[in-house]
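Participant: Pasting in a structure now, in C-alpha cells, and then I'll have a few things to ask.
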Amino acid sequence: MLVISEAEIKKAITMDEVMKAVEVALVEYSERRTVTPVRTAISTSQTEGTALFMPSLVESAAGLGMKFVSVFPKNKDKTIYGVMILSDVESGEPLALMESSSLTVLRTGAASGLATKYLAKEDAKVLGVIGTGSQSRGLIEAILHVRPSVSEIRLFNRTKKKASVLAEELMSRYQGIEIVIADTADQAVRGADIIVTATTSEKPVFSAESVMEGAHINGVGSFKPSMQEIPTEVITDAAKVVVESKEAALEECGDLINPIQAGLFQEDALYGELGEIINGMKAGREADGEITVFKSVGLAAMDVVVAKAIYDKALELGIGQRVQL
C-alpha cells in the first residue's frame, strides 16, 4: 500500500487535473453510474466537532474507497483532519492511504470552479470571498483557473488577521490582481460577480440586498441542517439553484432545508445537479442578469475519482511511501 502525504498530493496533481477528475465523477453520479450513499456524520457535543465518513464506488474511473474527515471548528491550528483509503475495484486490495484534508481542499475547489465555469458570467471581474480558512485557497485557485478575467478579490473573515494572511499569500502568487480586505461581509459581496462562502456559520453571512444582478454564488461551508450561509431570499429569488447531489443536499444542507421548512422554497424548485449541466442535459447560465447559486455539500464520488488520479500520478512520479500492513 502506498502512503501519500499532503506535500506529495500537491506535487502529484494540478488543479486542472483535479477538475477533470471531478467532472467525470459528477457526470457519473448524475447518470446514476456510481454507488454513493449519503455520508454518515457523527457530532461531538462537547467540542462541537463533526466526524464525516464518505464511501463511494465509481467503477468507470476505477475509484473505490472511503474518506474520513473531522471538522472541529474550535481547533486553533487546524480545523480539518482526515485520511482517504483507496482500494482496487477488482480485488478490493487497499492501494493507498492518503492525507485527505488537502484532497478535500482540491476537490471542493474544483467543484466550485466547474460551477463557476458553467454558471458565472464569462467576463466576471470581482470575486468576493467570505471565510478565509484552508478551503478558500482551493476555491480561489479553481475559480481563477476558469475565470482569468477576475481582476479583484475581496476577502472577509471575522478574524481580520486570517484574512490578512491569505491576502499576503494571494498577492505573492497572483500579480496583477487587486487584493482587498473587506471590513464587512456585505462589502466583500456588493458588486461582486462571483461570491464564495466558506464558513461554518449557522446564520446567513451576508445580506440579500448586497447581491447584485447577475452574480454567481458558490456556497461551500455549510454541511449540516443547522448551518446556513446564504440568505433565504437569495435562494428563493435565484434563477438557478444547483447542487452536486439532490439527495445529499436535501438531507444535509441548511441553506435549502431551512427555506423548505419555512414554506418558502420547494424541493422541485432545485434546478438540477452540476453533472446534468456538465453533460449537456441542462443549460448553464442563459442570461447575464441571472443570479445563480451552487450549493456544495461534498460528494464521495469526487473523492474516490480524485484519489485514483493522485495515486496514478504518484506511481508515475515515484513518490509516496510503500508500506506493508
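Note on naming: chains are A, B, ... as they come in the C-alpha cells, residues start from 1 per chain, ligands start from 1 in the order shown.
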Can you tell me, as a short mmCIF file (atom, residue, chain, number, x, y, z; two decimals) with C-alpha atoms, in the first residue's frame, what residues are no more than 10 Å from Val305 of chain A when counting only C-alpha atoms, ignoring any on the same chain fewer than 6 positions away?
Facilitator:
```cif
data_model
loop_
_atom_site.label_atom_id
_atom_site.label_comp_id
_atom_site.auth_asym_id
_atom_site.auth_seq_id
_atom_site.Cartn_x
_atom_site.Cartn_y
_atom_site.Cartn_z
CA VAL A 18 -8.40 17.63 -10.32
CA LYS A 20 -11.12 16.90 -14.98
CA ALA A 21 -11.46 14.10 -12.39
CA VAL A 22 -14.28 15.91 -10.58
CA GLU A 23 -16.05 16.49 -13.89
CA VAL A 24 -16.02 12.74 -14.55
CA ALA A 25 -17.27 11.98 -11.04
CA LEU A 26 -20.16 14.46 -11.21
CA SER A 56 -18.19 5.58 -2.88
CA LEU A 57 -17.67 3.35 -5.92
CA VAL A 58 -17.16 4.83 -9.39
CA GLU A 59 -16.31 1.77 -11.46
CA SER A 60 -15.75 3.55 -14.78
CA ALA A 61 -12.93 5.56 -13.18
CA ALA A 62 -11.62 2.64 -11.07
CA GLY A 63 -12.47 4.56 -7.94
CA LEU A 64 -13.39 2.67 -4.76
CA GLY A 65 -12.78 3.89 -1.25
CA LEU A 86 -8.36 3.87 -1.90
CA ARG A 107 -11.87 18.64 -4.93
CA TYR A 311 -2.48 7.51 -6.86
#
```
Participant: Using the chain letters and numbers from this document, which residues of segment 34-263 of chain A does DSSP assign to alpha helix (DSSP H), as a PyMOL selection string?
Facilitator: chain A and resi 101-119+134-146+160-173+185-189+232-237+246-252+254-261
Participant: Set the distance at 6 Å and use only C-alpha atoms: which residues neighbour Pro204 of chain A once local chain neighbours fewer than 3 positions away are removed? I'd like the list as a PyMOL selection string.
Facilitator: chain A and resi 228-231
Participant: Can I get the selected residues back with C-alpha atoms, as a PDB file, in the first residue's frame?
Facilitator:
```pdb
ATOM      1  CA  GLN A 228     -26.997  28.370   6.733  1.00  0.00           C
ATOM      2  CA  GLU A 229     -24.600  30.752   4.982  1.00  0.00           C
ATOM      3  CA  ILE A 230     -26.836  32.005   2.171  1.00  0.00           C
ATOM      4  CA  PRO A 231     -29.887  34.223   2.881  1.00  0.00           C
TER       5      PRO A 231
END
```
Participant: List every residue of segment 255-319 of chain A that DSSP, applied to the backbone, labels as strand (DSSP E or B), and write the result as a list in words.
Facilitator: Gly272, Glu273, Thr292, Val293, Phe294 and Lys295 of chain A
Participant: Which is closer to Thr44 of chain A than all the others in A:Lys67, A:Pro73, A:Ser30, A:Ser112, using only C-alpha atoms?
Facilitator: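 Selected residue with least distance to Thr44 of chain A: A:Pro73.
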Participant: For a quick check of understanding, using only C-alpha atoms, which of A:Leu264, A:Ile217, A:Met171, A:Leu95 has the smallest distance to Thr116 of chain A?
Facilitator: A:Ile217
Participant: Of the candidates A:Pro55, A:Gly191, A:Gly138, A:Pro225, which one gets nearest to Pro259 of chain A if we count only C-alpha atoms?
Facilitator: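 Counting only C-alpha atoms, the residue closest to Pro259 of chain A is A:Pro225.
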Participant: With only C-alpha atoms as the counted atoms, please give the residues lying no more than 6 Å from Leu119 of chain A, apart from itself and same-chain residues fewer than 2 positions off, as a PyMOL selection string.
Facilitator: chain A and resi 115-117+284-285
Participant: Using only C-alpha atoms, determine which residues lie at most 8 Å from Glu252 of chain A, disregarding the query and same-chain residues fewer than 6 positions distant; provide the list as a PyMOL selection string.
Facilitator: chain A and resi 223-225+297
Participant: Hey, can you spit out that residue selection with N, CA and C atoms as a compact mmCIF listing (two decimals), in the first residue's frame?
Facilitator:
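Wrote out00.txt, looks like this:
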```txt
# COMPACT_ATOMS: atom_id res chain seq x y z
N PHE A 223 -22.64 22.24 5.93
CA PHE A 223 -22.80 20.83 5.58
C PHE A 223 -23.72 20.10 6.55
N LYS A 224 -24.45 20.88 7.39
CA LYS A 224 -25.40 20.28 8.33
C LYS A 224 -26.70 21.09 8.26
N PRO A 225 -27.84 20.48 8.62
CA PRO A 225 -29.11 21.21 8.59
C PRO A 225 -29.11 22.46 9.46
N VAL A 297 -22.17 20.42 -0.89
CA VAL A 297 -22.05 19.76 0.41
C VAL A 297 -20.98 18.67 0.38
```
Participant: Excluding Val38 of chain A and any residue of its chain fewer than 6 positions from it, enumerate the residues within 8 Å of it, using only C-alpha atoms, and give them as a list in words.
Facilitator: Met54, Glu247 and Ala248 of chain A
Participant: Please report the interatomic distance between atom CA of Glu213 of chain A and atom CA of Val234 of chain A in Å with one decimal.
Facilitator: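 Those two atoms sit 11.0 Å apart.
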Participant: How many Å separate atom CA of Ala120 of chain A from atom CA of Asp288 of chain A?
Facilitator: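 These two atoms are separated by 8.6 Å.
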Participant: Grab the atom CA of Lys308 of chain A to atom CA of Pro37 of chain A distance for me, in Å with one decimal place.
Facilitator: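 Here the two named atoms are 18.9 Å from each other.
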Participant: Using only C-alpha atoms, pick whichever of A:Ala300, A:Met281, A:Ala192, A:Ile153 has the shortest atom-to-atom distance to Thr34 of chain A.
Facilitator: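 Closest to Thr34 of chain A, using only C-alpha atoms: A:Ala300.
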Participant: Using only C-alpha atoms, find the one residue out of A:Thr40, A:Thr159, A:Ser151, A:Ser210 that sits nearest to Tyr174 of chain A.
Facilitator: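 Using only C-alpha atoms, the shortest distance to Tyr174 of chain A belongs to A:Ser151.
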Participant: My list of candidates is A:Lys162, A:His145, A:Arg33, A:Lys74. Which is closest to Thr132 of chain A when distances are computed with only C-alpha atoms?
Facilitator: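 Counting only C-alpha atoms, the residue closest to Thr132 of chain A is A:Lys162.
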Participant: Quick one: residues within 8 Å of Glu99 of chain A, only C-alpha atoms, excluding same-chain residues fewer than 4 positions away - as a CSV table (one decimal) with C-alpha atoms, in the first residue's frame?
Facilitator:
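Listing of out38.csv after writing:
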```
chain,number,residue,atom,x,y,z
A,4,ILE,CA,0.8,9.7,0.2
A,5,SER,CA,1.4,12.8,2.3
A,6,GLU,CA,-0.1,16.3,1.9
A,82,GLY,CA,-8.6,13.2,7.7
A,83,VAL,CA,-7.5,10.2,5.7
A,84,MET,CA,-8.6,8.7,2.4
A,103,LEU,CA,-7.6,16.3,-1.1
```
